[in-house]
Amino acid sequence: MRVMPAEWEKQQCVLMSFPHEETDWAKEGELKSALSPFIRIAQAIAYTQAVYIICKDKKKTSSLFCSTRNLTFIELPTNDTWIRDYGYISIKEDEQNKLLDFTFDGWGGKFNAKLDNSVNQSLHKKGYMGTTPLESINFVLEGGSIESDGAGTLLTTTQCLCNSNRNGGLSKETVEKKLKNTLGTQRILWLDRGHLVGDDTDSHIDTLARFVNKETIVYVKCDDKDDEHYHVLEAMEQELKSFRTVENKPYTLIPLPMTQAIVNNQNERLPSTYANFLITNHALLYPTYSDNNDKIVHEIFKKLFPDKEIIPINCLKLIEQGGSLHCSTMQVAY
């Protein structure tokens, strides 16, 4: 029997992939400043658990840190930094850990992903995952597109998993069958509405709504009727209200505020979202955006995770390339 653990379950390590001279960060002339949030995220996690950092030059990358405790630097070629979408997906099979390597196609062929798609195999061959078995699956699936409650329920979006640029555009029924076979999914909660302007992922769930326990979902809510997100996120909220737990009870829904509109140098809106947080063994890391709601979100997370350290990380630089904190990490189950 298979099951995909929830993010709040015990983790062996967290994977990260650092920017380098051949990534889009360098093309924009922002490599030095781009490294800053990655370093802060890695240091915050490494305070209490292992972090595996994929990089181009491990000597150069390790020199960026004051302390390398709990940090392992691994030289591998990559196209991009968003390892949430091409890193291992952990499952438990008959109570034993197993790693799944799905196909990554650059979010529906939008970007070159050949090197990123080979990372999991390379890491496994180098022995960094020990004796944990690896299974390769010929199916496009990104880690940021699915949320597990650890008990057989997945939360996801139709726009991503049924998109014609992923696996040719499969029906919900076909996708559900595939995820049941590979992840042990018992049921899927499908969001048909919900989108952030500037998002290249076709509405990844980790930008919109997340499980924080089996009965509770946090989600992005827009209160500004003049904001372009208002109606689509209101429709998403209604869908969330219709969802039921396995015990046929409504989920406890906790809204997360939206930031003020953040734009790049071309005046294009960027997909800032507080839903892109990371749960580790001892902490909750959440993105901040120099916004008035940063502190409000901090208090929300303190109430939701009273036993964890709540760590804010400024992610304004990350959203310039379309991702945020959760996108830059991938946990490996213990």
# chains A, B, ... in the order shown; residues from 1 in each chain; ligands from 1

call {"tool": "residues_around", "arguments": {"residues": "segment 87-99 of chain A", "least_positions_apart": "2", "cutoff": "8 Å", "atoms": "only C-alpha atoms", "output": "PyMOL selection string"}}
result
chain A and resi 1-5+15+83-85+101-102+119-120+132-135+143+183+330+332-334

call {"tool": "write_last_selection", "arguments": {"atoms": "N, CA and C atoms", "output": "tab-separated table (two decimals), in the first residue's frame"}}
result
chain	number	residue	atom	x	y	z
A	1	MET	N	0.85	-1.20	0.00
A	1	MET	CA	0.00	0.00	0.00
A	1	MET	C	0.88	1.25	0.00
A	2	ARG	N	0.51	2.23	-0.81
A	2	ARG	CA	1.28	3.46	-0.91
A	2	ARG	C	0.52	4.64	-0.31
A	3	VAL	N	1.28	5.62	0.17
A	3	VAL	CA	0.71	6.89	0.61
A	3	VAL	C	1.79	7.96	0.48
A	4	MET	N	1.38	9.17	0.10
A	4	MET	CA	2.30	10.30	0.04
A	4	MET	C	2.24	11.04	1.37
A	5	PRO	N	3.36	11.11	2.11
A	5	PRO	CA	3.34	11.78	3.41
A	5	PRO	C	2.97	13.25	3.28
A	15	LEU	N	15.98	19.41	-0.12
A	15	LEU	CA	16.80	19.66	-1.30
A	15	LEU	C	16.63	21.11	-1.74
A	83	ILE	N	13.40	23.48	-7.53
A	83	ILE	CA	13.50	22.03	-7.31
A	83	ILE	C	12.21	21.42	-6.75
A	84	ARG	N	11.32	22.23	-6.26
A	84	ARG	CA	10.00	21.71	-5.85
A	84	ARG	C	9.34	20.95	-6.98
A	85	ASP	N	9.61	21.37	-8.20
A	85	ASP	CA	8.89	20.81	-9.34
A	85	ASP	C	9.64	19.71	-10.07
A	101	ASP	N	10.50	9.57	-9.31
A	101	ASP	CA	11.08	10.52	-10.26
A	101	ASP	C	10.13	10.66	-11.43
A	102	PHE	N	9.26	11.67	-11.36
A	102	PHE	CA	8.35	11.95	-12.45
A	102	PHE	C	9.05	12.75	-13.53
A	119	VAL	N	18.23	15.40	-12.64
A	119	VAL	CA	18.80	15.59	-11.31
A	119	VAL	C	18.53	14.41	-10.39
A	120	ASN	N	17.30	13.92	-10.35
A	120	ASN	CA	16.96	12.84	-9.42
A	120	ASN	C	17.77	11.58	-9.68
A	132	THR	N	17.53	4.05	-0.23
A	132	THR	CA	16.12	4.31	-0.54
A	132	THR	C	15.87	4.06	-2.03
A	133	PRO	N	14.96	3.16	-2.38
A	133	PRO	CA	14.73	2.84	-3.80
A	133	PRO	C	14.13	4.02	-4.57
A	134	LEU	N	14.47	4.07	-5.86
A	134	LEU	CA	13.97	5.12	-6.75
A	134	LEU	C	13.17	4.48	-7.88
A	135	GLU	N	12.00	5.04	-8.15
A	135	GLU	CA	11.16	4.57	-9.24
A	135	GLU	C	10.93	5.71	-10.23
A	143	GLY	N	6.04	18.77	-8.23
A	143	GLY	CA	5.76	18.72	-6.81
A	143	GLY	C	4.90	19.86	-6.31
A	183	LEU	N	0.96	7.29	-6.38
A	183	LEU	CA	1.08	7.94	-5.07
A	183	LEU	C	0.22	7.28	-4.00
A	330	MET	N	12.53	21.16	-1.68
A	330	MET	CA	11.75	19.92	-1.73
A	330	MET	C	12.21	19.02	-0.60
A	332	VAL	N	12.51	15.60	1.62
A	332	VAL	CA	12.58	14.15	1.44
A	332	VAL	C	12.14	13.51	2.74
A	333	ALA	N	11.16	12.65	2.69
A	333	ALA	CA	10.58	12.06	3.89
A	333	ALA	C	11.59	11.17	4.60
A	334	TYR	N	11.43	11.08	5.90
A	334	TYR	CA	12.33	10.25	6.74
A	334	TYR	C	11.84	8.82	6.73

call {"tool": "closest_residue", "arguments": {"among": "A:Arg193, A:Phe65, A:Leu256, A:Asn112", "to": "Ile53 of chain A", "atoms": "only C-alpha atoms"}}
result
A:Phe65

call {"tool": "select_by_dssp", "arguments": {"residues": "segment 124-232 of chain A", "states": "helix (DSSP H, G or I)", "output": "PyMOL selection string"}}
result
chain A and resi 124-125+143-145+158-161+172-183+205-207+230-232

call {"tool": "write_last_selection", "arguments": {"atoms": "C-alpha atoms", "output": "short mmCIF file (atom, residue, chain, number, x, y, z; two decimals), in the first residue's frame"}}
result
data_model
loop_
_atom_site.label_atom_id
_atom_site.label_comp_id
_atom_site.auth_asym_id
_atom_site.auth_seq_id
_atom_site.Cartn_x
_atom_site.Cartn_y
_atom_site.Cartn_z
CA HIS A 124 20.56 8.62 -6.66
CA LYS A 125 23.52 7.26 -8.64
CA GLY A 143 5.76 18.72 -6.81
CA GLY A 144 4.23 22.18 -6.51
CA SER A 145 1.08 20.99 -8.25
CA THR A 158 -7.59 21.24 -12.92
CA GLN A 159 -5.78 23.99 -14.82
CA CYS A 160 -2.42 22.36 -14.15
CA LEU A 161 -2.95 18.60 -14.03
CA LYS A 172 -9.70 14.12 -14.28
CA GLU A 173 -10.61 10.43 -14.24
CA THR A 174 -7.42 9.43 -16.07
CA VAL A 175 -5.23 11.61 -13.83
CA GLU A 176 -6.88 10.22 -10.72
CA LYS A 177 -6.20 6.67 -11.86
CA LYS A 178 -2.54 7.50 -12.49
CA LEU A 179 -2.08 9.20 -9.12
CA LYS A 180 -3.81 6.36 -7.32
CA ASN A 181 -1.36 3.90 -8.87
CA THR A 182 1.76 5.99 -8.29
CA LEU A 183 1.08 7.94 -5.07
CA ILE A 205 -1.70 24.49 -5.74
CA ASP A 206 1.20 25.67 -3.56
CA THR A 207 0.53 29.23 -4.70
CA TYR A 230 -10.97 39.24 -6.67
CA HIS A 231 -13.57 37.25 -8.61
CA VAL A 232 -11.46 34.21 -9.45
#

call {"tool": "residues_around", "arguments": {"residues": "Asn79 of chain A", "least_positions_apart": "6", "cutoff": "6 Å", "atoms": "only C-alpha atoms", "output": "JSON, numbers by chain"}}
result
{"A": [23, 115, 116]}

call {"tool": "atom_distance", "arguments": {"atom1": "atom CA of His195 of chain A", "atom2": "atom CA of Ser164 of chain A"}}
result
16.9 Å

call {"tool": "atom_distance", "arguments": {"atom1": "atom CA of Phe104 of chain A", "atom2": "atom CA of Glu142 of chain A"}}
result
6.7 Å

call {"tool": "residues_around", "arguments": {"residues": "segment 266-274 of chain A", "least_positions_apart": "5", "cutoff": "9 Å", "atoms": "only C-alpha atoms", "output": "PDB file with C-alpha atoms, in the first residue's frame"}}
result
ATOM      1  CA  LEU A 196      -2.316  34.357  -9.795  1.00  0.00           C
ATOM      2  CA  VAL A 197      -1.297  36.852 -12.463  1.00  0.00           C
ATOM      3  CA  GLY A 198       2.326  36.297 -13.493  1.00  0.00           C
ATOM      4  CA  ASP A 199       2.323  32.603 -12.582  1.00  0.00           C
ATOM      5  CA  THR A 207       0.531  29.228  -4.702  1.00  0.00           C
ATOM      6  CA  LEU A 208      -3.162  29.062  -3.798  1.00  0.00           C
ATOM      7  CA  TYR A 219      -5.758  29.699   1.171  1.00  0.00           C
ATOM      8  CA  VAL A 220      -5.147  33.017  -0.578  1.00  0.00           C
ATOM      9  CA  LEU A 256      -4.215  34.349   3.993  1.00  0.00           C
ATOM     10  CA  PRO A 257      -4.240  37.977   2.830  1.00  0.00           C
ATOM     11  CA  MET A 258      -2.853  39.065  -0.510  1.00  0.00           C
ATOM     12  CA  THR A 259       0.018  41.480  -0.806  1.00  0.00           C
ATOM     13  CA  GLN A 260      -0.361  44.789  -2.560  1.00  0.00           C
ATOM     14  CA  ALA A 261       0.351  44.421  -6.276  1.00  0.00           C
ATOM     15  CA  TYR A 286       7.199  31.722   5.107  1.00  0.00           C
ATOM     16  CA  PRO A 287       7.851  34.300   2.371  1.00  0.00           C
ATOM     17  CA  THR A 288       7.632  38.014   3.032  1.00  0.00           C
ATOM     18  CA  TYR A 289       7.421  40.801   0.476  1.00  0.00           C
ATOM     19  CA  ASP A 294       3.838  40.237   6.395  1.00  0.00           C
ATOM     20  CA  VAL A 297       0.623  36.376   8.250  1.00  0.00           C
ATOM     21  CA  CYS A 315      11.308  36.619  -1.184  1.00  0.00           C
ATOM     22  CA  LEU A 316      10.916  39.751  -3.313  1.00  0.00           C
ATOM     23  CA  ILE A 319       9.204  36.249  -7.365  1.00  0.00           C
ATOM     24  CA  GLU A 320      11.059  38.182 -10.054  1.00  0.00           C
ATOM     25  CA  GLN A 321      11.620  34.763 -11.657  1.00  0.00           C
ATOM     26  CA  GLY A 322       8.106  33.546 -10.853  1.00  0.00           C
ATOM     27  CA  GLY A 323       8.697  31.401  -7.785  1.00  0.00           C
ATOM     28  CA  SER A 324       8.925  31.801  -4.034  1.00  0.00           C
TER      29      SER A 324
END

call {"tool": "atom_distance", "arguments": {"atom1": "atom CA of His298 of chain A", "atom2": "atom CA of Pro312 of chain A"}}
result
7.6 Å

call {"tool": "residues_around", "arguments": {"residues": "Tyr47 of chain A", "least_positions_apart": "5", "cutoff": "9 Å", "atoms": "only C-alpha atoms", "output": "JSON, numbers by chain"}}
result
{"A": [42, 69, 70]}

call {"tool": "residues_around", "arguments": {"residues": "Val140 of chain A", "least_positions_apart": "5", "cutoff": "10 Å", "atoms": "only C-alpha atoms", "output": "PyMOL selection string"}}
result
chain A and resi 86+101-108+161+165-168
